[in-house]
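Structure first, then comments.
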Amino acid sequence: MSGKPGDDVRTRATRRRGAVLEQAILRAAIDELVEFGYGGLTMDGVANRAGTNKNAIYRRWPSRAALGIAAYREMVEAQIQPPDTGQLRKDVLTLLRRINRGLSSPNGDILRGLLASASDEPELFTQLLEQAGDGASDVWLTILERAVARGEASPEALRPRVATVALVLLRNEYITRGIATVADNVLTEIVDQVYLPLVRRAE
C-alpha cells in the first residue's frame with residue numbers, strides 16, 4: 001500500500017479550487033500567450049503549465065478564444081487606469097498614446113490574433129473590444145466625468161459612444177491603413193479636430 005494515512009486528506013486540503021485555481025490558469029495562459037502568441041495558445045499547454053486538466057479550464061472558459069480574451073484582459077488591466085493630468089486634452093492624448101504603444105507592441109499582435117479568432121463569435125468579439133484593455137468605455141467616461149466637473153466638457157458627452165470616439169478613430173487607422181503604429185500627429189488631430197470639439201461645453 002503506497003502513501004501514509006492522511007495523505008489523501010492532505011492532498012484534498014491543498015488542492016486548488018475556486019479563485020486560486022482560476023488565477024493559476026490565467027497566469028499559465030498569460031505565459032503561453034507571451035511565449036507563443038495567440039496562434040500557439042492551446043488548452044493542453046495551459047493545462048500542463050498550470051498543473052491542472054483541460055476539464056478544469058473548459059468549466060470556466062468554453063473555448064480557446066474565451067480563455068485568450070480573459071488572459072489578455074488580465075495582462076493589460078493595469079494599463080487601463082484613466083490618466084488624471086488635470087486637463088482633458090492631456091488626459092485624452094496620454095491615453096491614446098498609451099493605447100498606440102500597446103497596439104504596436106507584442107501585446108498588439110496577441111490582440112489582433114484574438115480579434116481574428118473571435119470575429120465569428122459576436123458576443124466574444126464585443127467583450128474583447130470592450131474589456132481588452134485598450135480603453136474600455138468606463139475609462140473614457142471617467143476622464144470625461146472629471147472634465148465635466150472642471151467645466152471642460154458638456155454633461156451631454158457622458159455617453160459611451162461619444163466618450164470612445166477617439167478610440168474608434170484610432171482603431172480605424174490600424175484597420176484601414178494596415179499600419180503597425182499611428183503617427184503622433186494623427187493622434188493630435190484626432191483629439192484637436194474631432195474629440196474636443198465633440199465633447200466640449202457649448203459656449
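Residues in the C-alpha cells are named by chain (A, B, ... in the order shown) and by number from 1 within that chain; ligands are numbered from 1 in the order shown.
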
Skipping near chain neighbours, those fewer than 5 positions away, what residues fall within 9 Å of Ile110 in chain A using only C-alpha atoms, listed as a compact mmCIF listing (two decimals) with all heavy atoms, in the first residue's frame?
```txt
# COMPACT_ATOMS: atom_id res chain seq x y z
N LEU A 33 0.67 32.93 -23.88
CA LEU A 33 0.48 33.99 -24.86
C LEU A 33 1.77 34.76 -25.10
O LEU A 33 2.13 35.07 -26.24
CB LEU A 33 -0.61 34.96 -24.39
CG LEU A 33 -2.06 34.51 -24.53
CD1 LEU A 33 -2.98 35.50 -23.85
CD2 LEU A 33 -2.46 34.35 -26.00
N VAL A 34 2.48 35.07 -24.02
CA VAL A 34 3.73 35.83 -24.14
C VAL A 34 4.77 35.01 -24.90
O VAL A 34 5.50 35.54 -25.75
CB VAL A 34 4.25 36.22 -22.75
CG1 VAL A 34 5.66 36.78 -22.83
CG2 VAL A 34 3.31 37.23 -22.10
N GLY A 37 2.38 33.52 -28.44
CA GLY A 37 1.36 34.28 -29.14
C GLY A 37 0.03 33.54 -29.12
O GLY A 37 -0.04 32.37 -28.71
N TYR A 38 -1.02 34.22 -29.61
CA TYR A 38 -2.32 33.56 -29.59
C TYR A 38 -2.36 32.35 -30.50
O TYR A 38 -3.02 31.35 -30.20
CB TYR A 38 -3.43 34.55 -29.98
CG TYR A 38 -4.79 33.89 -29.96
CD1 TYR A 38 -5.37 33.49 -28.76
CD2 TYR A 38 -5.47 33.62 -31.14
CE1 TYR A 38 -6.60 32.86 -28.73
CE2 TYR A 38 -6.70 32.99 -31.12
CZ TYR A 38 -7.26 32.61 -29.92
OH TYR A 38 -8.47 31.97 -29.89
N GLY A 39 -1.64 32.40 -31.61
CA GLY A 39 -1.63 31.27 -32.52
C GLY A 39 -1.10 30.00 -31.90
O GLY A 39 -1.47 28.89 -32.30
N GLY A 68 -8.32 33.04 -24.05
CA GLY A 68 -7.35 34.03 -24.51
C GLY A 68 -7.77 35.44 -24.18
O GLY A 68 -6.94 36.26 -23.76
N TYR A 72 -5.71 37.90 -21.78
CA TYR A 72 -5.25 39.19 -22.31
C TYR A 72 -5.74 40.34 -21.44
O TYR A 72 -4.99 41.27 -21.14
CB TYR A 72 -5.72 39.37 -23.75
CG TYR A 72 -5.22 40.66 -24.36
CD1 TYR A 72 -3.94 40.74 -24.90
CD2 TYR A 72 -6.02 41.81 -24.37
CE1 TYR A 72 -3.48 41.93 -25.44
CE2 TYR A 72 -5.56 42.99 -24.91
CZ TYR A 72 -4.29 43.04 -25.45
OH TYR A 72 -3.83 44.23 -25.97
N LEU A 115 -8.74 39.10 -31.96
CA LEU A 115 -9.81 39.73 -32.73
C LEU A 115 -10.17 38.88 -33.94
O LEU A 115 -11.35 38.70 -34.26
CB LEU A 115 -9.39 41.13 -33.18
CG LEU A 115 -9.37 42.21 -32.09
CD1 LEU A 115 -8.68 43.47 -32.60
CD2 LEU A 115 -10.77 42.53 -31.61
```

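Non-sequential neighbours of Asp192 in chain A (distance at most 12 Å, separation of 6 or more positions within a chain, only C-alpha atoms) are A:Leu88, A:Arg89, A:Lys90, A:Val92, A:Leu93, A:Ala166, A:Asn185, A:Val186, A:Leu198, A:Val199, A:Arg200.
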
Only all heavy atoms, please: the residues just picked out, written as a tab-separated table (two decimals), in the first residue's frame.
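Here's the written file again-v1.tsv:
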```tsv
chain	number	residue	atom	x	y	z
A	88	LEU	N	-8.34	67.91	-19.77
A	88	LEU	CA	-8.95	66.92	-20.66
A	88	LEU	C	-8.05	66.58	-21.85
A	88	LEU	O	-7.87	65.41	-22.18
A	88	LEU	CB	-10.30	67.44	-21.17
A	88	LEU	CG	-11.03	66.54	-22.18
A	88	LEU	CD1	-11.31	65.17	-21.59
A	88	LEU	CD2	-12.32	67.22	-22.65
A	89	ARG	N	-7.51	67.59	-22.52
A	89	ARG	CA	-6.69	67.33	-23.71
A	89	ARG	C	-5.50	66.43	-23.36
A	89	ARG	O	-5.18	65.47	-24.08
A	89	ARG	CB	-6.20	68.64	-24.32
A	89	ARG	CG	-5.41	68.43	-25.62
A	89	ARG	CD	-4.99	69.79	-26.22
A	89	ARG	NE	-4.38	69.60	-27.52
A	89	ARG	CZ	-3.08	69.33	-27.70
A	89	ARG	NH1	-2.28	69.21	-26.63
A	89	ARG	NH2	-2.58	69.18	-28.92
A	90	LYS	N	-4.83	66.72	-22.28
A	90	LYS	CA	-3.67	65.92	-21.88
A	90	LYS	C	-4.10	64.50	-21.50
A	90	LYS	O	-3.40	63.53	-21.83
A	90	LYS	CB	-2.94	66.58	-20.71
A	90	LYS	CG	-2.19	67.84	-21.08
A	90	LYS	CD	-1.45	68.42	-19.88
A	90	LYS	CE	-0.69	69.68	-20.24
A	90	LYS	NZ	0.02	70.26	-19.05
A	92	VAL	N	-6.68	62.77	-22.65
A	92	VAL	CA	-7.04	62.01	-23.84
A	92	VAL	C	-5.80	61.64	-24.65
A	92	VAL	O	-5.66	60.50	-25.11
A	92	VAL	CB	-8.04	62.81	-24.71
A	92	VAL	CG1	-8.35	62.05	-26.00
A	92	VAL	CG2	-9.33	63.03	-23.94
A	93	LEU	N	-4.88	62.58	-24.82
A	93	LEU	CA	-3.64	62.28	-25.55
A	93	LEU	C	-2.80	61.23	-24.83
A	93	LEU	O	-2.24	60.33	-25.47
A	93	LEU	CB	-2.82	63.56	-25.74
A	93	LEU	CG	-3.11	64.38	-27.00
A	93	LEU	CD1	-2.32	65.68	-26.98
A	93	LEU	CD2	-2.79	63.57	-28.25
A	166	ALA	N	-12.59	58.85	-29.83
A	166	ALA	CA	-11.15	58.92	-30.13
A	166	ALA	C	-10.56	57.52	-30.29
A	166	ALA	O	-9.72	57.28	-31.16
A	166	ALA	CB	-10.42	59.68	-29.02
A	185	ASN	N	1.24	62.85	-34.73
A	185	ASN	CA	0.47	64.00	-35.23
A	185	ASN	C	-0.96	63.60	-35.58
A	185	ASN	O	-1.89	64.41	-35.50
A	185	ASN	CB	1.16	64.62	-36.45
A	185	ASN	CG	1.15	63.71	-37.66
A	185	ASN	OD1	1.78	62.65	-37.65
A	185	ASN	ND2	0.44	64.12	-38.71
A	186	VAL	N	-1.16	62.31	-35.93
A	186	VAL	CA	-2.51	61.83	-36.21
A	186	VAL	C	-3.31	61.76	-34.90
A	186	VAL	O	-4.49	62.12	-34.86
A	186	VAL	CB	-2.48	60.45	-36.90
A	186	VAL	CG1	-3.90	59.91	-37.08
A	186	VAL	CG2	-1.78	60.56	-38.25
A	198	LEU	N	-16.20	67.81	-30.15
A	198	LEU	CA	-17.41	67.00	-29.91
A	198	LEU	C	-17.87	67.06	-28.46
A	198	LEU	O	-19.08	67.14	-28.18
A	198	LEU	CB	-17.13	65.55	-30.30
A	198	LEU	CG	-18.28	64.54	-30.11
A	198	LEU	CD1	-19.44	64.88	-31.03
A	198	LEU	CD2	-17.79	63.12	-30.35
A	199	VAL	N	-16.94	67.05	-27.52
A	199	VAL	CA	-17.32	66.91	-26.11
A	199	VAL	C	-17.28	68.21	-25.31
A	199	VAL	O	-17.78	68.26	-24.20
A	199	VAL	CB	-16.42	65.86	-25.40
A	199	VAL	CG1	-16.44	64.55	-26.14
A	199	VAL	CG2	-14.98	66.37	-25.24
A	200	ARG	N	-16.67	69.25	-25.88
A	200	ARG	CA	-16.52	70.46	-25.07
A	200	ARG	C	-17.87	71.13	-24.83
A	200	ARG	O	-18.82	70.96	-25.58
A	200	ARG	CB	-15.56	71.42	-25.73
A	200	ARG	CG	-16.09	72.01	-27.02
A	200	ARG	CD	-15.00	72.82	-27.71
A	200	ARG	NE	-15.48	73.33	-28.99
A	200	ARG	CZ	-14.69	73.91	-29.89
A	200	ARG	NH1	-13.41	74.03	-29.65
A	200	ARG	NH2	-15.20	74.35	-31.02
```

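Atom pair CA of Ala71 in chain A / CA of Leu96 in chain A has a distance of 22.4 Å (rounded to one decimal).
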
Residue nearest Ala157 in chain A - candidates A:Glu123, A:Ile179, A:Leu170, A:Leu196, atoms counted: only C-alpha atoms: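 Nearest candidate to Ala157 in chain A out of A:Glu123, A:Ile179, A:Leu170, A:Leu196: A:Leu196.
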
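Counting from CA of Ala149 in chain A, the distance to CA of Thr188 in chain A is 23.4 Å.
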
Gap from CA of Glu156 in chain A to CA of Pro82 in chain A - Å, one decimal: 20.0 Å

Near-Ala70 in chain A list (12 Å; only C-alpha atoms; drop same-chain fewer than 3 positions) as a ChimeraX atom specification: /A:22-23,25-30,33,57,60-67,73-77,111,114,124,127-128,131-133

Selection from above, N, CA, C and O atoms, as a CSV table (one decimal), in the first residue's frame, can you write it?
```
chain,number,residue,atom,x,y,z
A,22,GLU,N,-8.4,29.4,-10.6
A,22,GLU,CA,-8.7,30.3,-11.8
A,22,GLU,C,-7.5,31.2,-12.1
A,22,GLU,O,-7.1,31.4,-13.2
A,23,GLN,N,-6.9,31.8,-11.0
A,23,GLN,CA,-5.8,32.6,-11.2
A,23,GLN,C,-4.6,31.8,-11.7
A,23,GLN,O,-3.8,32.4,-12.5
A,25,ILE,N,-4.7,29.3,-13.7
A,25,ILE,CA,-4.9,29.0,-15.1
A,25,ILE,C,-4.7,30.3,-15.9
A,25,ILE,O,-4.0,30.3,-17.0
A,26,LEU,N,-5.1,31.4,-15.4
A,26,LEU,CA,-4.9,32.7,-16.1
A,26,LEU,C,-3.5,33.0,-16.2
A,26,LEU,O,-3.0,33.5,-17.3
A,27,ARG,N,-2.7,32.8,-15.1
A,27,ARG,CA,-1.3,33.1,-15.2
A,27,ARG,C,-0.6,32.2,-16.2
A,27,ARG,O,0.3,32.6,-17.0
A,28,ALA,N,-1.0,30.9,-16.3
A,28,ALA,CA,-0.4,30.0,-17.2
A,28,ALA,C,-0.8,30.4,-18.7
A,28,ALA,O,0.1,30.4,-19.6
A,29,ALA,N,-2.0,30.9,-18.9
A,29,ALA,CA,-2.4,31.3,-20.2
A,29,ALA,C,-1.7,32.6,-20.6
A,29,ALA,O,-1.3,32.7,-21.8
A,30,ILE,N,-1.4,33.5,-19.7
A,30,ILE,CA,-0.6,34.7,-20.0
A,30,ILE,C,0.8,34.3,-20.4
A,30,ILE,O,1.3,34.8,-21.4
A,33,LEU,N,0.7,32.9,-23.9
A,33,LEU,CA,0.5,34.0,-24.9
A,33,LEU,C,1.8,34.8,-25.1
A,33,LEU,O,2.1,35.1,-26.2
A,57,ILE,N,-10.3,23.8,-17.1
A,57,ILE,CA,-10.3,25.0,-17.9
A,57,ILE,C,-11.6,25.2,-18.6
A,57,ILE,O,-12.2,26.3,-18.6
A,60,ARG,N,-14.6,26.8,-17.0
A,60,ARG,CA,-14.6,28.2,-16.7
A,60,ARG,C,-14.6,29.0,-18.0
A,60,ARG,O,-15.2,30.1,-18.1
A,61,TRP,N,-13.9,28.5,-19.1
A,61,TRP,CA,-13.8,29.2,-20.4
A,61,TRP,C,-14.1,28.1,-21.4
A,61,TRP,O,-13.4,27.2,-21.6
A,62,PRO,N,-15.3,28.3,-22.1
A,62,PRO,CA,-15.7,27.2,-23.0
A,62,PRO,C,-14.9,27.1,-24.3
A,62,PRO,O,-15.1,26.1,-25.1
A,63,SER,N,-14.0,28.0,-24.6
A,63,SER,CA,-13.3,27.9,-25.8
A,63,SER,C,-11.9,28.6,-25.7
A,63,SER,O,-11.6,29.3,-24.7
A,64,ARG,N,-11.0,28.3,-26.6
A,64,ARG,CA,-9.7,28.9,-26.6
A,64,ARG,C,-9.8,30.4,-26.7
A,64,ARG,O,-9.0,31.1,-26.0
A,65,ALA,N,-10.7,30.9,-27.5
A,65,ALA,CA,-10.8,32.4,-27.6
A,65,ALA,C,-11.3,33.0,-26.3
A,65,ALA,O,-10.7,34.0,-25.9
A,66,ALA,N,-12.2,32.4,-25.6
A,66,ALA,CA,-12.7,32.9,-24.3
A,66,ALA,C,-11.6,33.0,-23.3
A,66,ALA,O,-11.4,33.9,-22.6
A,67,LEU,N,-10.8,31.9,-23.3
A,67,LEU,CA,-9.6,31.9,-22.3
A,67,LEU,C,-8.6,32.9,-22.7
A,67,LEU,O,-8.1,33.7,-21.9
A,73,ARG,N,-7.0,40.3,-21.0
A,73,ARG,CA,-7.5,41.3,-20.2
A,73,ARG,C,-6.8,41.4,-18.9
A,73,ARG,O,-6.5,42.5,-18.4
A,74,GLU,N,-6.4,40.2,-18.3
A,74,GLU,CA,-5.6,40.2,-17.1
A,74,GLU,C,-4.2,40.8,-17.3
A,74,GLU,O,-3.7,41.5,-16.5
A,75,MET,N,-3.6,40.6,-18.5
A,75,MET,CA,-2.3,41.1,-18.8
A,75,MET,C,-2.3,42.6,-18.8
A,75,MET,O,-1.3,43.3,-18.3
A,76,VAL,N,-3.3,43.2,-19.4
A,76,VAL,CA,-3.3,44.7,-19.6
A,76,VAL,C,-4.1,45.5,-18.6
A,76,VAL,O,-4.2,46.7,-18.8
A,77,GLU,N,-4.7,44.8,-17.6
A,77,GLU,CA,-5.6,45.5,-16.7
A,77,GLU,C,-4.9,46.7,-16.1
A,77,GLU,O,-5.6,47.8,-16.0
A,111,LEU,N,-3.5,40.8,-29.4
A,111,LEU,CA,-4.8,41.3,-29.5
A,111,LEU,C,-5.4,41.1,-30.9
A,111,LEU,O,-6.5,40.7,-31.1
A,114,LEU,N,-6.5,37.6,-31.3
A,114,LEU,CA,-7.7,37.3,-30.6
A,114,LEU,C,-8.9,37.9,-31.4
A,114,LEU,O,-10.0,37.3,-31.5
A,124,LEU,N,-18.3,37.3,-27.9
A,124,LEU,CA,-16.9,37.3,-27.5
A,124,LEU,C,-16.2,38.5,-28.2
A,124,LEU,O,-15.4,39.2,-27.5
A,127,GLN,N,-17.1,41.6,-26.3
A,127,GLN,CA,-16.5,41.6,-25.0
A,127,GLN,C,-15.0,42.0,-25.1
A,127,GLN,O,-14.5,42.7,-24.3
A,128,LEU,N,-14.3,41.5,-26.1
A,128,LEU,CA,-12.9,41.8,-26.3
A,128,LEU,C,-12.7,43.3,-26.6
A,128,LEU,O,-11.9,43.9,-26.0
A,131,GLN,N,-13.4,45.1,-23.2
A,131,GLN,CA,-12.7,44.9,-22.0
A,131,GLN,C,-11.3,44.5,-22.2
A,131,GLN,O,-10.6,44.1,-21.2
A,132,ALA,N,-10.7,44.5,-23.4
A,132,ALA,CA,-9.4,44.0,-23.6
A,132,ALA,C,-8.3,44.9,-23.1
A,132,ALA,O,-7.1,44.5,-23.2
A,133,GLY,N,-8.6,46.1,-22.6
A,133,GLY,CA,-7.5,46.9,-22.0
A,133,GLY,C,-7.1,48.0,-22.9
A,133,GLY,O,-6.1,48.7,-22.5
```

Pick from A:Ile143, A:Ala19, A:Leu187, A:Ala56 nearest to Val168 in chain A, counting only C-alpha atoms: A:Leu187

Within 12 Å of Pro197 in chain A using only C-alpha atoms, minus same-chain residues under 4 positions, as an mmCIF file with C-alpha atoms, in the first residue's frame:
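Written file, selection_14.cif:
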```cif
data_model
loop_
_atom_site.group_PDB
_atom_site.id
_atom_site.type_symbol
_atom_site.label_atom_id
_atom_site.label_comp_id
_atom_site.auth_asym_id
_atom_site.auth_seq_id
_atom_site.Cartn_x
_atom_site.Cartn_y
_atom_site.Cartn_z
ATOM 1 C CA LEU A 88 -8.950 66.920 -20.660
ATOM 2 C CA ARG A 89 -6.689 67.326 -23.705
ATOM 3 C CA GLU A 152 -14.185 71.396 -19.878
ATOM 4 C CA ALA A 153 -16.871 69.153 -21.368
ATOM 5 C CA SER A 154 -20.621 69.065 -21.686
ATOM 6 C CA ALA A 157 -20.990 63.963 -23.716
ATOM 7 C CA VAL A 162 -19.379 59.729 -27.565
ATOM 8 C CA VAL A 165 -14.905 58.286 -30.341
ATOM 9 C CA ALA A 166 -11.148 58.916 -30.127
ATOM 10 C CA GLU A 189 -5.501 65.620 -34.976
ATOM 11 C CA ILE A 190 -7.992 63.107 -33.576
ATOM 12 C CA VAL A 191 -8.024 64.948 -30.269
ATOM 13 C CA ASP A 192 -7.975 68.561 -31.505
ATOM 14 C CA GLN A 193 -10.079 68.295 -34.651
ATOM 15 C CA ARG A 201 -19.120 72.672 -23.481
ATOM 16 C CA ALA A 202 -21.035 74.817 -25.953
ATOM 17 C CA GLU A 203 -20.464 78.460 -25.360
#
```

Long-range neighbours of Gly108 in chain A as a list in words, 10 Å cut-off, only C-alpha atoms, 6 positions minimum in chain: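 That gives Ile99, Asn100, Arg101, Gly102, Leu114, Asp134, Ala180 and Thr181 of chain A.
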
Proximity to Ser137 in chain A - best of A:Tyr174, A:Gln81, A:Arg150, A:Phe125, only C-alpha atoms: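 Looking only at the distances to Ser137 in chain A, the closest residue turns out to be A:Gln81.
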
All residues 12 Å or closer to Gly178 in chain A, only C-alpha atoms, same chain fewer than 6 positions away omitted, as an NGL selection string: :A and (104 or 112 or 170-172)

Writer output for current selection, N, CA, C and O atoms, as a short mmCIF file (atom, residue, chain, number, x, y, z; two decimals), in the first residue's frame:
```cif
data_model
loop_
_atom_site.label_atom_id
_atom_site.label_comp_id
_atom_site.auth_asym_id
_atom_site.auth_seq_id
_atom_site.Cartn_x
_atom_site.Cartn_y
_atom_site.Cartn_z
N SER A 104 1.13 48.56 -30.89
CA SER A 104 2.30 48.33 -31.74
C SER A 104 3.35 47.46 -31.04
O SER A 104 4.43 47.25 -31.56
N ARG A 112 -4.55 41.28 -31.95
CA ARG A 112 -5.02 41.09 -33.32
C ARG A 112 -5.37 39.62 -33.58
O ARG A 112 -6.33 39.32 -34.30
N LEU A 170 -8.83 55.83 -33.64
CA LEU A 170 -7.50 55.22 -33.60
C LEU A 170 -7.54 53.82 -34.17
O LEU A 170 -6.69 53.44 -34.99
N ARG A 171 -8.52 53.03 -33.77
CA ARG A 171 -8.65 51.68 -34.30
C ARG A 171 -8.83 51.71 -35.81
O ARG A 171 -8.29 50.87 -36.54
N ASN A 172 -9.58 52.70 -36.28
CA ASN A 172 -9.83 52.81 -37.72
C ASN A 172 -8.53 53.03 -38.49
O ASN A 172 -8.38 52.54 -39.61
#
```
